[in-house]
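Everything on this sheet refers to the single structure shown next.
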Amino acid sequence: MESKPKGKLAGFFHFPQGDGLSTDEFIKGLWRENPVLVQVLGMCPTLAVTNSAINAMAMGLATLFVLVMSNILVSSLRNVIPKQVRIATYILIIATFVTVADYVIQAISLDVHKALGAFIPLIVVNCIILGRAEAFASKNGVWASFMDGLGMGVGFTFALLLLGFIREILGSGSLFGISLFADSFQDWVIMILPSGGFFALAGWLLLFNGLKLRKKQAQPEQTREEVLI
Amino acid sequence: MTVDTIQPEKKEVGSFKMFQAMVGIGIICALAIVVTYQTTLPVITKNKAEALEKAIYKVLPGAQTRKNFQWDGQKFSEADPSDHSLKDVIYTGLDANGAMVGIAIEAKGQGFQDAIQVLYGFDPEKQAIIGFYVLDSRETPGLGDKIASDAAFQENFKALTARLDESGKKLEHDIQTVKHGTKSKPWEIDAITGATISSKAVGNILNHSAQYWAPIIKAHIDELRTH
Amino acid sequence: MFKKTLHIGTSPHIIGGSSTDQIMRNVVFALLPVAAFAVYTFGLSALLLLITALASCLLTEYFLNRWIGKSSPLSDWSVTITGLLYGLTLPPHLPLWMVFVGGVIAVALGKFIFGGLGYNVFNPALVGRAFIQAAFPVAITTWMAPFLPDRFSHIPGSTLTLPFLKPVYDITSGATPLSLMKFEHHTTDTYNLLMGMTSGSTGETSALLILLGGLYLIARKMMNWRIPVALLGTVYLISTVLHWSNPDIYPGGLFMLFSGGLMLGAVFMATDMVASPITPLGATVYGIIIGIMIYVIRVWGGLPEGVMYAILFGNAVSPHIDNFIRPRVYGTGKQWSKS
């Protein structure tokens, strides 16, 4: 917990000493606490709309927008919102930005809106967003919350794109709608089905957890050697 | 005593405070939504109109301009093309010489997940469907949504017979969706493998709509031409 | 540095004869006749397929373990079984690159990701096959006719398809007894089914050899006999009763028993030691559940064969079966378990 604010607006635009801290808030979402690959949150959009790279990208950016905006608003209102009604208020704020995102996507491209379909309204119930509002933005300053939302959002988009790439390339033989192979390419039908999302995610999780395991194993061995010497 | 070390509980927040906070935030949110809606509305309407325009020219190959006609239960009357609030509107597509190449009709029906909205081109001379376009669908990505993209499926609608029988009141043969690879009649639709339900839904929508419109168009074809 | 010379262990102090690798080795022995008959029936393509399946599973296991710094566990034979079983469930002239992909998936995502041997929720071989079935639905339902005259001299073109390309089929195709029954209402003779004179997956055709392998394992007490008995009994019972009520729609019990992958599945797949229940009653219930599922999928489902999905389903529920059936410790609460 941070120290008790003096006035209502204290800590509103509180830039931490040096930029190291807020950079860390940003970096942690990309890798160490990646919402999809480490926290395994927000599985509904992760598995449902990543069957092509463009859908993954659009969903990732829409979530990024909602995440950043709701984090900023929740953080700036955190001293005004009574504890008892905070969840209801957060949902209200998130739903607002989702509606805004819905209209904006419609205005930018009807085709993308058509492709994402029912999944845009469902961003409201993406647990990453409520999770960050509750776990981070309600306890931290606006700048830190902004960096946190940005990091988590970019991390989410990155993970979705990883899935979208592999699923579109294998499932349809194309990337961003551009055909990559000759007609004789064998489509992996499973990859564009929801079950393919599970397999692709399992593959990435295997890779990332394996990397983590290697790193962990490498460390104690070194220390052990030092002790022996 | 331990009382000093434990941080004192925050003072109980009164109901009015909660009410105030929620209403206040509610108003901010409502404002944000309304402002976005108002700013994006013209763009969205324009996008939708353009999408419809594009779709009309897509389902009516060779059309250069279009005219809107509204059906009021008795006769067709020409409608303002920019008014999107009208019901029962069909679109005639005209080629460069002003001759009618076909009629584009919107149709809607239940799909696998939600309503599917389609636009199809109808040729009153050939009495056949000559083009098909999915305006809106929430079908399963990668499966059901192939009704909009699958080339082999689109091939069905290059010339899909919707001929009226002798009475002129209904179609001679219902438009039907059949299992993939078993299409043998010109009024049958070859389904997409793995997306039979969505394919069947398309067949039903087209059949339902053609059963309704084909007799009307046949009886009132002059009203559509003379204007 | 001190070396401990006094070994203090907890009970049990008398260790039984059969260790993991011993049991696994015997399962491989039991599978060898089946594999040999598969090669005899389908020729070179089946041989190449089995080698590829084995190689893909062994290589994946080896490299993944090396990658995270574990010692290689290949000596316990379990991956060999996975590879063999996986190969035996595939159509004989499936492109080798697809076989390889499925083998990698089987070991990496069916077993390794859960923590290796002893931790897998599903039978890894079936996970690999399920993936191939969903990814390449056409290739995996294209069957090759058995006993082709040139099967030892000619390799089918589809087998040697280049990676990521669509296979081109150049040999006589066959239809499995089950798809003949489902789509053409034609029942194959039981004797042919028993002796493996039909078309089908590489290792599922000869019910007799599979049964003999199973009996060998049961005789050596290396297999839980309740599972195959309950499973086969359920399928036989349901199909006989329904066949008796309406022979036009429902195929007979013996046909159901000896056709498709039922024998292979019941004897070698459902009995996977890790993914099946451990209590005797649990094993019986597990067998019955799988049997019912197989019958439902085969007769009322959209697919002609349902053994794979039924066993995967059984794997998924098996921990719960054990949990329900676990005897209650005297004096504890009535609830089954809170774990």
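Residue numbering restarts at 1 in every chain; chains get A, B, ... in the order shown in the structure tokens, and ligands count up from 1 in that same order.
In plain terms, chain C touches chain B through C:Ala134, C:Pro137, C:Val138, C:Gly302, where touching means an atom at most 12 Å away, counting only C-alpha atoms.
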Residues near range 264-279 of chain C, cut-off 6 Å, only C-alpha atoms, skip fewer than 5 positions along chain, as a ChimeraX atom specification
/C:118,121-122,204,214,228,311,315,318,322
How would the residues just picked look written out with N, CA and C atoms as a PDB file, in the first residue's frame?
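Generated file (part_14.pdb):
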```pdb
ATOM      1  N   GLY C 118       3.610 -41.002 -16.072  1.00  0.00           N
ATOM      2  CA  GLY C 118       2.995 -41.053 -14.763  1.00  0.00           C
ATOM      3  C   GLY C 118       2.118 -39.854 -14.473  1.00  0.00           C
ATOM      4  N   VAL C 121      -2.686 -37.121 -18.433  1.00  0.00           N
ATOM      5  CA  VAL C 121      -4.108 -37.310 -18.192  1.00  0.00           C
ATOM      6  C   VAL C 121      -4.688 -38.250 -19.242  1.00  0.00           C
ATOM      7  N   PHE C 122      -4.210 -38.095 -20.481  1.00  0.00           N
ATOM      8  CA  PHE C 122      -4.753 -38.882 -21.583  1.00  0.00           C
ATOM      9  C   PHE C 122      -3.691 -39.846 -22.106  1.00  0.00           C
ATOM     10  N   GLU C 204      -5.298 -52.523 -36.604  1.00  0.00           N
ATOM     11  CA  GLU C 204      -6.566 -52.897 -35.988  1.00  0.00           C
ATOM     12  C   GLU C 204      -7.228 -54.078 -36.672  1.00  0.00           C
ATOM     13  N   GLY C 214      -3.283 -59.614 -25.626  1.00  0.00           N
ATOM     14  CA  GLY C 214      -3.941 -59.236 -24.380  1.00  0.00           C
ATOM     15  C   GLY C 214      -3.933 -60.385 -23.383  1.00  0.00           C
ATOM     16  N   PRO C 228     -10.643 -54.356 -20.206  1.00  0.00           N
ATOM     17  CA  PRO C 228     -11.097 -54.878 -21.500  1.00  0.00           C
ATOM     18  C   PRO C 228     -12.339 -55.743 -21.381  1.00  0.00           C
ATOM     19  N   ILE C 311     -12.312 -43.487 -25.603  1.00  0.00           N
ATOM     20  CA  ILE C 311     -11.247 -43.747 -24.631  1.00  0.00           C
ATOM     21  C   ILE C 311     -10.712 -42.436 -24.065  1.00  0.00           C
ATOM     22  N   ASN C 315     -10.533 -41.511 -20.231  1.00  0.00           N
ATOM     23  CA  ASN C 315      -9.336 -40.980 -19.561  1.00  0.00           C
ATOM     24  C   ASN C 315      -9.686 -39.744 -18.743  1.00  0.00           C
ATOM     25  N   SER C 318     -11.599 -40.694 -15.602  1.00  0.00           N
ATOM     26  CA  SER C 318     -11.108 -41.753 -14.713  1.00  0.00           C
ATOM     27  C   SER C 318     -10.681 -41.269 -13.313  1.00  0.00           C
ATOM     28  N   ASP C 322     -12.324 -42.911  -9.727  1.00  0.00           N
ATOM     29  CA  ASP C 322     -11.591 -43.361  -8.547  1.00  0.00           C
ATOM     30  C   ASP C 322     -12.017 -42.599  -7.306  1.00  0.00           C
TER      31      ASP C 322
END
```
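Closest approach to Gly26 in chain B from the set A:Leu92, A:Val38, A:Val189, A:Ala118 is made by A:Leu92, with distances taken over only C-alpha atoms.
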Which residues of chain B come within 8 Å of chain A, and for each one, what is the closest pair of atoms and their distance in Å to one decimal, counting only C-alpha atoms, sorted by chain and residue number, as a Markdown table?
```
| residue | atom | partner | partner_atom | distance |
| --- | --- | --- | --- | --- |
| B:Val13 | CA | A:Pro82 | CA | 6.8 |
| B:Lys17 | CA | A:Pro82 | CA | 7.5 |
| B:Met18 | CA | A:Pro82 | CA | 6.0 |
| B:Ala21 | CA | A:Ile81 | CA | 6.0 |
| B:Met22 | CA | A:Thr89 | CA | 6.5 |
| B:Ile25 | CA | A:Thr89 | CA | 7.3 |
| B:Gly26 | CA | A:Leu92 | CA | 7.2 |
| B:Cys29 | CA | A:Thr96 | CA | 5.7 |
| B:Ala30 | CA | A:Thr96 | CA | 7.6 |
| B:Ala32 | CA | A:Thr96 | CA | 7.3 |
| B:Ile33 | CA | A:Val100 | CA | 6.0 |
| B:Thr36 | CA | A:Val100 | CA | 6.1 |
| B:Tyr37 | CA | A:Tyr103 | CA | 6.7 |
| B:Thr40 | CA | A:Ala107 | CA | 6.0 |
| B:Leu41 | CA | A:Ala107 | CA | 7.8 |
| B:Val43 | CA | A:Ala107 | CA | 5.6 |
| B:Ile44 | CA | A:Ala107 | CA | 4.8 |
| B:Asn47 | CA | A:Leu110 | CA | 7.0 |
| B:Lys48 | CA | A:Leu110 | CA | 7.5 |
| B:Asp136 | CA | A:Lys114 | CA | 6.7 |
| B:Ser137 | CA | A:Lys114 | CA | 7.2 |
| B:Arg138 | CA | A:Gly117 | CA | 5.8 |
| B:Pro141 | CA | A:Val49 | CA | 7.5 |
| B:Gly142 | CA | A:Ile192 | CA | 5.4 |
| B:Leu143 | CA | A:Leu193 | CA | 7.4 |
```
How would the residues just picked look written out with N, CA, C and O atoms as a short mmCIF file (atom, residue, chain, number, x, y, z; two decimals), in the first residue's frame?
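Saved file selection-v2.cif follows:
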```
data_model
loop_
_atom_site.label_atom_id
_atom_site.label_comp_id
_atom_site.auth_asym_id
_atom_site.auth_seq_id
_atom_site.Cartn_x
_atom_site.Cartn_y
_atom_site.Cartn_z
N VAL B 13 -18.68 3.89 4.96
CA VAL B 13 -19.13 4.84 3.95
C VAL B 13 -20.65 4.83 3.91
O VAL B 13 -21.27 3.77 3.84
N LYS B 17 -23.06 8.29 -0.11
CA LYS B 17 -21.75 8.43 -0.74
C LYS B 17 -21.61 7.42 -1.89
O LYS B 17 -21.16 7.77 -2.98
N MET B 18 -22.05 6.20 -1.60
CA MET B 18 -21.97 5.16 -2.64
C MET B 18 -22.84 5.55 -3.84
O MET B 18 -22.43 5.46 -4.99
N ALA B 21 -21.26 8.26 -5.81
CA ALA B 21 -20.13 7.82 -6.63
C ALA B 21 -20.62 7.08 -7.87
O ALA B 21 -20.17 7.34 -9.00
N MET B 22 -21.57 6.20 -7.67
CA MET B 22 -22.03 5.40 -8.79
C MET B 22 -22.75 6.24 -9.83
O MET B 22 -22.54 6.09 -11.03
N ILE B 25 -20.19 8.39 -11.71
CA ILE B 25 -19.43 7.64 -12.72
C ILE B 25 -20.35 7.20 -13.86
O ILE B 25 -19.97 7.23 -15.02
N GLY B 26 -21.57 6.84 -13.48
CA GLY B 26 -22.54 6.47 -14.50
C GLY B 26 -22.76 7.58 -15.50
O GLY B 26 -22.81 7.36 -16.71
N CYS B 29 -19.77 7.93 -17.77
CA CYS B 29 -19.76 6.84 -18.76
C CYS B 29 -20.80 7.08 -19.84
O CYS B 29 -20.53 6.90 -21.04
N ALA B 30 -22.00 7.47 -19.41
CA ALA B 30 -23.07 7.71 -20.38
C ALA B 30 -22.65 8.79 -21.35
O ALA B 30 -22.84 8.66 -22.57
N ALA B 32 -19.61 9.62 -22.20
CA ALA B 32 -18.57 9.11 -23.09
C ALA B 32 -19.19 8.29 -24.22
O ALA B 32 -18.82 8.43 -25.39
N ILE B 33 -20.17 7.46 -23.86
CA ILE B 33 -20.78 6.61 -24.89
C ILE B 33 -21.54 7.46 -25.89
O ILE B 33 -21.43 7.27 -27.11
N THR B 36 -19.21 9.31 -28.25
CA THR B 36 -18.64 8.42 -29.26
C THR B 36 -19.68 8.03 -30.29
O THR B 36 -19.41 8.02 -31.50
N TYR B 37 -20.88 7.71 -29.80
CA TYR B 37 -21.92 7.29 -30.73
C TYR B 37 -22.21 8.38 -31.74
O TYR B 37 -22.26 8.13 -32.94
N THR B 40 -19.23 8.83 -34.19
CA THR B 40 -18.97 7.75 -35.15
C THR B 40 -20.18 7.44 -36.02
O THR B 40 -20.03 6.81 -37.06
N LEU B 41 -21.36 7.89 -35.60
CA LEU B 41 -22.57 7.52 -36.34
C LEU B 41 -22.52 7.84 -37.84
O LEU B 41 -22.79 6.96 -38.66
N VAL B 43 -20.02 8.20 -39.79
CA VAL B 43 -19.04 7.35 -40.47
C VAL B 43 -19.58 5.94 -40.61
O VAL B 43 -19.47 5.31 -41.67
N ILE B 44 -20.21 5.45 -39.52
CA ILE B 44 -20.72 4.07 -39.57
C ILE B 44 -21.83 3.96 -40.60
O ILE B 44 -21.87 3.02 -41.40
N ASN B 47 -20.30 3.96 -43.93
CA ASN B 47 -19.67 2.65 -44.17
C ASN B 47 -20.69 1.61 -44.55
O ASN B 47 -20.50 0.82 -45.48
N LYS B 48 -21.80 1.60 -43.78
CA LYS B 48 -22.81 0.58 -44.02
C LYS B 48 -23.44 0.76 -45.38
O LYS B 48 -23.69 -0.20 -46.11
N ASP B 136 -24.18 -9.83 -42.86
CA ASP B 136 -23.85 -9.90 -41.44
C ASP B 136 -24.10 -11.32 -40.96
O ASP B 136 -25.14 -11.90 -41.25
N SER B 137 -23.12 -11.86 -40.26
CA SER B 137 -23.34 -13.17 -39.66
C SER B 137 -22.44 -13.33 -38.46
O SER B 137 -21.40 -12.71 -38.35
N ARG B 138 -22.88 -14.16 -37.53
CA ARG B 138 -22.08 -14.44 -36.34
C ARG B 138 -21.71 -15.92 -36.33
O ARG B 138 -21.54 -16.52 -35.29
N PRO B 141 -16.31 -18.78 -36.46
CA PRO B 141 -15.17 -18.43 -37.30
C PRO B 141 -14.46 -19.69 -37.78
O PRO B 141 -14.25 -20.62 -37.01
N GLY B 142 -14.14 -19.70 -39.06
CA GLY B 142 -13.41 -20.84 -39.61
C GLY B 142 -14.29 -21.97 -40.08
O GLY B 142 -13.86 -22.84 -40.81
N LEU B 143 -15.56 -21.97 -39.66
CA LEU B 143 -16.46 -23.03 -40.12
C LEU B 143 -17.67 -22.43 -40.80
O LEU B 143 -17.74 -22.32 -42.01
#
```
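Near chain A, within 9 Å and using only C-alpha atoms, the residues of chain C are Leu64, Trp67, Ile68, Gly69, Ile105, Ala108, Leu109, Phe112, Ile113, Phe131, Ile132, Gln133, Ala134, Ala135, Phe136, Pro137, Pro163, Phe164, Leu165, Lys166 and Pro167 of chain C.
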Taking 6 positions as the minimum chain separation for residues in the same chain, which residues sit within 8 Å of Leu160 in chain A when counting only C-alpha atoms? Answer as a PDB file with C-alpha atoms, in the first residue's frame.
```
ATOM      1  CA  THR A  46      -7.408 -16.081 -26.824  1.00  0.00           C
ATOM      2  CA  THR A  50      -6.990 -16.154 -32.955  1.00  0.00           C
ATOM      3  CA  ALA A  56      -5.850 -11.601 -33.296  1.00  0.00           C
ATOM      4  CA  MET A  57      -4.370  -8.177 -33.929  1.00  0.00           C
ATOM      5  CA  GLY A  60      -5.458  -7.439 -29.092  1.00  0.00           C
TER       6      GLY A  60
END
```
For the strand (DSSP E) assignment from backbone DSSP, which residues of range 16-265 of chain C qualify? Please present them as a compact mmCIF listing (two decimals) with N, CA, C and O atoms, in the first residue's frame.
```
# COMPACT_ATOMS: atom_id res chain seq x y z
N TRP C 143 -8.66 -45.11 -46.83
CA TRP C 143 -8.10 -46.41 -46.46
C TRP C 143 -7.54 -47.11 -47.67
O TRP C 143 -7.94 -46.87 -48.80
N MET C 144 -6.64 -48.03 -47.39
CA MET C 144 -5.95 -48.76 -48.44
C MET C 144 -6.47 -50.19 -48.42
O MET C 144 -6.76 -50.74 -47.36
N SER C 173 -8.08 -48.06 -53.17
CA SER C 173 -8.50 -47.72 -51.83
C SER C 173 -9.53 -48.73 -51.36
O SER C 173 -10.16 -49.43 -52.16
N GLY C 174 -9.67 -48.83 -50.07
CA GLY C 174 -10.64 -49.77 -49.50
C GLY C 174 -11.56 -49.04 -48.57
O GLY C 174 -11.39 -47.87 -48.29
```
